[in-house]
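One file, target.tsv, carrying TSV, C-alpha atoms:
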chain	number	residue	atom	x	y	z
K	33	MET	CA	-16.58	55.65	-23.44
K	34	PRO	CA	-19.64	55.28	-21.20
K	35	ASP	CA	-19.25	54.06	-17.67
K	36	ILE	CA	-20.14	50.38	-17.41
K	37	ALA	CA	-22.31	50.93	-14.34
K	38	ALA	CA	-24.08	53.81	-16.10
K	39	THR	CA	-25.09	51.55	-18.98
K	40	GLY	CA	-27.10	49.49	-16.54
K	41	LEU	CA	-25.41	46.23	-17.49
K	42	ALA	CA	-24.72	44.01	-14.52
K	43	VAL	CA	-21.15	42.85	-15.04
K	44	GLN	CA	-19.83	40.05	-12.86
K	45	PRO	CA	-16.29	40.73	-11.63
K	46	ARG	CA	-13.78	38.50	-13.37
K	47	ARG	CA	-11.85	35.68	-11.81
K	48	ASN	CA	-8.49	37.00	-10.58
K	49	GLY	CA	-6.07	34.68	-12.40
K	50	LEU	CA	-2.93	36.37	-11.11
K	51	LEU	CA	-3.80	35.47	-7.53
K	52	TRP	CA	-4.37	31.82	-8.20
K	53	ALA	CA	-1.30	31.51	-10.42
K	54	GLY	CA	0.77	33.15	-7.68
K	55	GLY	CA	-0.61	30.90	-4.95
K	56	LEU	CA	-0.03	27.79	-7.04
K	57	LEU	CA	3.47	28.83	-8.06
K	58	ILE	CA	4.60	29.48	-4.50
K	59	ILE	CA	3.63	25.94	-3.54
K	60	VAL	CA	5.56	24.68	-6.57
K	61	ALA	CA	8.54	26.83	-5.52
K	62	VAL	CA	8.64	25.53	-1.94
K	63	LEU	CA	8.15	21.90	-2.99
K	64	SER	CA	10.71	22.04	-5.79
K	65	ASN	CA	13.17	23.68	-3.41
K	66	ALA	CA	12.75	21.01	-0.77
K	67	LEU	CA	12.53	18.01	-3.10
K	68	PHE	CA	14.76	18.96	-6.00
K	69	PHE	CA	16.99	22.02	-5.78
K	70	VAL	CA	18.70	21.36	-2.45
K	71	ARG	CA	19.30	17.76	-3.51
K	72	MET	CA	21.34	18.83	-6.49
K	73	PRO	CA	24.96	18.13	-5.56
K	74	GLY	CA	27.14	21.25	-5.41
K	75	GLN	CA	24.70	23.92	-6.57
K	76	ARG	CA	25.97	26.42	-9.13
K	77	LEU	CA	23.54	28.10	-11.50
K	78	LEU	CA	20.37	26.48	-10.19
K	79	PRO	CA	19.88	28.71	-7.11
K	80	TRP	CA	19.12	31.58	-9.53
K	81	LEU	CA	16.42	29.56	-11.21
K	82	ASN	CA	15.14	28.68	-7.76
K	83	LEU	CA	15.13	32.34	-6.71
K	84	VAL	CA	13.12	33.28	-9.80
K	85	LEU	CA	10.66	30.56	-8.82
K	86	PHE	CA	10.20	32.26	-5.45
K	87	VAL	CA	10.09	35.87	-6.67
K	88	THR	CA	7.63	35.29	-9.53
K	89	PRO	CA	4.70	34.09	-7.38
K	90	VAL	CA	5.24	36.95	-4.91
K	91	VAL	CA	5.05	39.47	-7.76
K	92	LEU	CA	1.93	37.75	-9.16
K	93	LEU	CA	0.26	37.76	-5.74
K	94	VAL	CA	1.04	41.45	-5.09
K	95	LEU	CA	-0.29	42.44	-8.53
K	96	GLY	CA	-3.36	40.21	-8.14
K	97	LEU	CA	-4.13	41.48	-4.66
K	98	ARG	CA	-3.64	45.09	-5.72
K	99	ARG	CA	-6.11	44.85	-8.56
K	100	ALA	CA	-8.62	43.02	-6.37
K	101	ILE	CA	-8.45	45.86	-3.85
K	102	THR	CA	-8.28	48.84	-6.21
K	103	ARG	CA	-10.71	47.53	-8.86
K	104	PRO	CA	-13.10	45.17	-7.03
K	105	GLU	CA	-15.77	45.89	-9.67
K	106	VAL	CA	-13.55	44.24	-12.31
K	107	TYR	CA	-11.60	41.59	-10.37
K	108	ARG	CA	-12.72	39.20	-7.70
K	109	GLY	CA	-10.49	37.58	-5.09
K	110	LYS	CA	-10.13	40.14	-2.29
K	111	THR	CA	-10.76	37.53	0.43
K	112	ALA	CA	-8.99	34.71	-1.41
K	113	GLY	CA	-6.13	37.10	-2.11
K	114	TRP	CA	-5.49	37.82	1.55
K	115	ILE	CA	-5.72	34.12	2.40
K	116	LEU	CA	-3.28	33.21	-0.39
K	117	ALA	CA	-0.96	36.05	0.62
K	118	GLY	CA	-0.99	34.86	4.24
K	119	LEU	CA	-0.30	31.30	3.17
K	120	SER	CA	2.54	32.47	0.95
K	121	VAL	CA	4.13	34.51	3.74
K	122	PHE	CA	3.98	31.42	5.94
K	123	LEU	CA	5.54	29.18	3.26
K	124	LEU	CA	8.22	31.74	2.47
K	125	ALA	CA	9.07	32.16	6.16
K	126	PHE	CA	9.39	28.38	6.43
K	127	ALA	CA	11.71	28.22	3.40
K	128	VAL	CA	13.85	31.09	4.73
K	129	PHE	CA	14.08	29.45	8.15
K	130	ALA	CA	15.11	26.13	6.56
K	131	LEU	CA	17.73	27.98	4.52
K	132	TYR	CA	19.07	29.75	7.61
K	133	ALA	CA	19.07	26.62	9.77
K	134	SER	CA	20.90	24.47	7.22
K	135	ARG	CA	23.54	27.13	6.56
K	136	ASN	CA	24.10	27.84	10.26
K	137	ILE	CA	27.23	25.68	10.50
K	138	PRO	CA	30.74	26.64	11.60
K	139	ASP	CA	33.17	27.51	8.82
K	140	ALA	CA	35.92	25.05	7.95
K	141	SER	CA	38.75	27.53	7.44
K	142	ARG	CA	40.96	25.75	10.01
K	143	ALA	CA	40.29	22.25	8.66
K	144	PRO	CA	43.07	20.46	6.73
K	145	LYS	CA	43.60	21.94	3.26
K	146	VAL	CA	44.63	20.47	-0.07
K	147	GLY	CA	48.35	19.65	0.05
K	148	GLU	CA	48.42	19.29	3.82
K	149	GLN	CA	48.95	16.04	5.72
K	150	ALA	CA	45.67	14.52	6.95
K	151	PRO	CA	45.93	14.13	10.75
K	152	ASP	CA	46.27	10.46	11.67
K	153	PHE	CA	43.71	8.87	13.98
K	154	VAL	CA	42.53	5.61	15.50
K	155	LEU	CA	38.77	5.06	15.76
K	156	PRO	CA	36.48	2.07	16.36
K	157	ASP	CA	34.47	0.71	13.42
K	158	THR	CA	30.96	-0.80	13.62
K	159	SER	CA	32.33	-3.96	15.26
K	160	SER	CA	34.32	-1.80	17.75
K	161	LYS	CA	37.60	-2.83	16.12
K	162	SER	CA	40.22	-0.05	16.24
K	163	ILE	CA	41.05	1.28	12.79
K	164	ARG	CA	43.99	3.58	12.04
K	165	LEU	CA	43.93	6.00	9.07
K	166	HIS	CA	47.31	4.63	8.02
K	167	ASP	CA	45.79	1.10	7.77
K	168	LEU	CA	42.89	2.38	5.66
K	169	LEU	CA	45.43	3.90	3.24
K	170	SER	CA	47.50	0.72	2.93
K	171	ALA	CA	45.13	-2.25	3.40
K	172	PRO	CA	44.34	-3.95	0.06
K	173	MET	CA	40.94	-3.46	-1.59
K	174	ASP	CA	38.93	-6.24	-3.30
K	175	ASN	CA	41.31	-6.25	-6.27
K	176	GLY	CA	44.27	-6.97	-3.96
K	177	ALA	CA	45.88	-3.55	-4.44
K	178	PRO	CA	45.91	-0.79	-1.82
K	179	PRO	CA	43.52	2.11	-2.58
K	180	LYS	CA	44.74	5.09	-4.57
K	181	ALA	CA	43.02	7.25	-2.01
K	182	VAL	CA	40.71	7.20	1.00
K	183	LEU	CA	37.62	9.39	0.96
K	184	LEU	CA	37.01	10.61	4.52
K	185	VAL	CA	33.39	11.67	4.94
K	186	PHE	CA	32.58	13.51	8.15
K	187	TYR	CA	28.80	13.57	8.61
K	188	ARG	CA	26.47	14.90	11.26
K	189	GLY	CA	25.33	11.53	12.58
K	190	TYR	CA	22.20	10.78	14.59
K	191	TRP	CA	20.89	8.36	11.99
I	642	MET	CA	29.74	3.14	-5.06
I	643	GLY	CA	31.08	0.78	-7.73
I	644	GLU	CA	32.53	3.81	-9.48
I	645	PHE	CA	34.48	4.65	-6.33
I	646	LYS	CA	35.85	1.13	-6.14
I	647	ASN	CA	36.88	1.17	-9.81
I	648	ALA	CA	38.67	4.46	-9.21
I	649	GLY	CA	40.58	2.85	-6.32
I	650	ILE	CA	38.85	4.96	-3.69
I	651	ARG	CA	38.02	3.60	-0.24
I	652	PRO	CA	35.13	5.54	1.33
I	653	VAL	CA	35.25	5.95	5.10
I	654	ALA	CA	32.41	7.60	7.03
I	655	ILE	CA	33.05	9.28	10.39
I	656	SER	CA	30.47	10.60	12.85
I	657	VAL	CA	29.81	10.91	16.58
I	658	ASP	CA	27.39	7.96	16.39
I	659	SER	CA	28.28	4.90	18.45
I	660	PRO	CA	29.51	1.73	16.67
I	661	GLN	CA	26.08	0.21	17.41
I	662	THR	CA	24.18	3.15	15.85
I	663	SER	CA	26.42	3.06	12.79
I	664	ALA	CA	26.03	-0.73	12.53
I	665	ASN	CA	22.23	-0.28	12.52
I	666	LEU	CA	22.51	2.40	9.83
I	667	CYS	CA	24.69	0.16	7.67
I	668	ARG	CA	22.28	-2.73	8.04
I	669	ARG	CA	19.23	-0.58	7.25
I	670	ALA	CA	20.80	1.27	4.31
I	671	GLY	CA	22.91	-1.62	3.01
I	672	TYR	CA	26.22	0.28	3.29
I	673	SER	CA	29.25	-1.99	3.10
I	674	PHE	CA	32.06	0.54	3.54
I	675	THR	CA	33.82	1.47	6.78
I	676	PHE	CA	31.99	3.51	9.41
I	677	LEU	CA	34.05	4.93	12.27
I	678	SER	CA	32.78	6.27	15.58
I	679	ASP	CA	34.22	9.47	16.99
I	680	THR	CA	31.92	9.49	20.02
I	681	ASP	CA	34.12	11.85	22.07
I	682	THR	CA	34.64	14.19	19.01
I	683	GLU	CA	38.41	13.96	19.53
I	684	VAL	CA	39.19	13.33	15.84
I	685	THR	CA	36.52	15.80	14.69
I	686	ARG	CA	38.30	18.44	16.83
I	687	ARG	CA	41.69	17.39	15.41
I	688	TYR	CA	40.30	18.12	11.93
I	689	ASN	CA	38.81	21.43	13.19
I	690	LEU	CA	35.33	20.36	12.14
I	691	LEU	CA	33.49	20.56	15.47
I	692	HIS	CA	29.96	21.93	15.31
I	693	HIS	CA	29.46	22.82	18.95
I	694	ALA	CA	25.94	21.92	20.13
I	695	GLY	CA	24.96	21.25	16.51
I	696	GLY	CA	23.21	17.96	17.24
I	697	PRO	CA	19.87	17.24	18.84
I	698	ASP	CA	19.76	18.01	22.58
I	699	GLY	CA	22.81	20.25	22.14
I	700	HIS	CA	25.30	17.48	21.45
I	701	ASP	CA	28.56	18.32	19.72
I	702	ILE	CA	28.74	16.88	16.20
I	703	ALA	CA	30.87	17.27	13.07
I	704	ARG	CA	30.08	19.86	10.42
I	705	PRO	CA	29.84	18.00	7.07
I	706	ALA	CA	33.19	17.68	5.27
I	707	GLU	CA	34.82	15.39	2.71
I	708	PHE	CA	38.55	14.79	2.22
I	709	LEU	CA	40.29	12.74	-0.45
I	710	VAL	CA	43.55	11.52	1.11
I	711	ASP	CA	46.21	9.89	-1.08
I	712	SER	CA	48.32	6.90	-0.03
I	713	GLY	CA	50.96	9.27	1.36
I	714	GLY	CA	48.37	10.73	3.73
I	715	VAL	CA	48.20	14.03	1.83
I	716	VAL	CA	44.85	15.77	1.29
I	717	ARG	CA	44.19	15.98	-2.48
I	718	TRP	CA	40.63	17.31	-2.56
I	719	VAL	CA	38.25	18.80	0.00
I	720	ASN	CA	34.61	19.77	0.08
I	721	PHE	CA	33.08	21.88	2.84
I	722	THR	CA	29.42	22.46	2.15
I	723	GLU	CA	27.84	25.74	3.24
I	724	ASP	CA	24.41	24.15	3.45
I	725	ILE	CA	23.90	20.82	5.20
I	726	ARG	CA	21.27	19.92	2.58
I	727	VAL	CA	23.71	20.30	-0.33
I	728	ARG	CA	25.96	17.31	-0.95
I	729	ALA	CA	29.38	17.03	-2.57
I	730	ARG	CA	29.73	16.43	-6.28
I	731	ALA	CA	30.98	12.90	-6.85
I	732	ASP	CA	32.22	13.82	-10.34
I	733	GLU	CA	34.53	16.50	-8.91
I	734	MET	CA	35.95	14.08	-6.39
I	735	LEU	CA	36.44	11.34	-9.01
I	736	ALA	CA	38.22	13.83	-11.25
I	737	ALA	CA	40.56	14.67	-8.38
I	738	ALA	CA	41.11	10.95	-7.79
I	739	ARG	CA	42.07	10.44	-11.45
I	740	GLY	CA	44.80	13.04	-10.96
I	741	ILE	CA	46.48	10.92	-8.30
I	742	ARG	CA	49.43	8.96	-9.70

For this file, write the structure as structure tokens.
Amino acid sequence: MPDIAATGLAVQPRRNGLLWAGGLLIIVAVLSNALFFVRMPGQRLLPWLNLVLFVTPVVLLVLGLRRAITRPEVYRGKTAGWILAGLSVFLLAFAVFALYASRNIPDASRAPKVGEQAPDFVLPDTSSKSIRLHDLLSAPMDNGAPPKAVLLVFYRGYW
Amino acid sequence: MGEFKNAGIRPVAISVDSPQTSANLCRRAGYSFTFLSDTDTEVTRRYNLLHHAGGPDGHDIARPAEFLVDSGGVVRWVNFTEDIRVRARADEMLAAARGIR
């Protein structure tokens, strides 16, 4: 097979599709993570799908960048590749930091467990009236009957 | 929320926010259930849920946690998230509530 350059044909390097697909996918990955995946209550299988969404664009970018560097006569995108790679590193670092920051909470191994008595307490409500846990468990609901159970939700506050 | 009420569950929210801050939140978000203020983190400590310096400006706050407590005061279901962005599954909690009496 004759060398393309030797034939005298001026061949324009091709658009490097892998690079652009990778760059686009990483934006999709970060956005879907922030807007969708972490909002799924009690994640189970979905983190794996999310991980694939992050790994795929990195693989595409590495492959795209490699062929732009090693075969610049065939594939374009050397400059765009480095820019997209830099952007991706930045986005990935941001996602990893968000993951670390939101998981950096003390463990709850010493908190009350299933089957244990919930510690009683008295705390002020929004009108500064003192409320006891015992009262919450026994005061009638709208239907006139006391609740079957009270759902205590401890949240981080600063709303 | 209506599902909770039908299941006989009374939701109670607890945080270090002041009664005034919680009142503003309820008004803004339209919450009608009980919000309690543990401003000195005494109850949060009693439940071993203190997140030391976890709040803005290094304030102590509670790490997120949910407890379903039956009428005898016994814990019947708990949820301790590992990621503050991931919430509890309401269906799990409702299933636990159906198992009570």

- Any idea what's packed within 6 Å of region 702-714 of chain I, counting only C-alpha atoms, ignoring anything in its chain fewer than 6 positions away? Could you give it as a list of chain:residue names?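 Answer for this query is K:Gln149, K:Ala150, K:Leu169, K:Ala181, K:Val182, K:Leu183, K:Leu184, K:Val185, K:Phe186, K:Tyr187, K:Arg188, I:Leu690, I:Leu691, I:His692, I:Gly695, I:Gly696, I:Asn720, I:Phe721.
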
- Message: Could you tell me which residues of chain K sit within 8 Å of chain I when counting only C-alpha atoms, and give me the result as a count of residues only?
- Response: 51

- Task: Show which residues sit within 7 Å of region 86-99 of chain K, as a ChimeraX atom specification. Count all atoms listed in the file, and ignore same-chain residues fewer than 2 positions away.
- Result: /K:48,50-51,54-55,57-58,61,82-84,101-103,107,110,113,117

Residues from last step as file, C-alpha atoms, as a compact mmCIF listing (two decimals), in the coordinates of the input:
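So the final result, stored in out37.txt, reads:
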# COMPACT_ATOMS: atom_id res chain seq x y z
CA ASN K 48 -8.49 37.00 -10.58
CA LEU K 50 -2.93 36.37 -11.11
CA LEU K 51 -3.80 35.47 -7.53
CA GLY K 54 0.77 33.15 -7.68
CA GLY K 55 -0.61 30.90 -4.95
CA LEU K 57 3.47 28.83 -8.06
CA ILE K 58 4.60 29.48 -4.50
CA ALA K 61 8.54 26.83 -5.52
CA ASN K 82 15.14 28.68 -7.76
CA LEU K 83 15.13 32.34 -6.71
CA VAL K 84 13.12 33.28 -9.80
CA ILE K 101 -8.45 45.86 -3.85
CA THR K 102 -8.28 48.84 -6.21
CA ARG K 103 -10.71 47.53 -8.86
CA TYR K 107 -11.60 41.59 -10.37
CA LYS K 110 -10.13 40.14 -2.29
CA GLY K 113 -6.13 37.10 -2.11
CA ALA K 117 -0.96 36.05 0.62

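For the pair CA of His700 (chain I) and CA of Phe126 (chain K), the interatomic distance is 24.4 Å.
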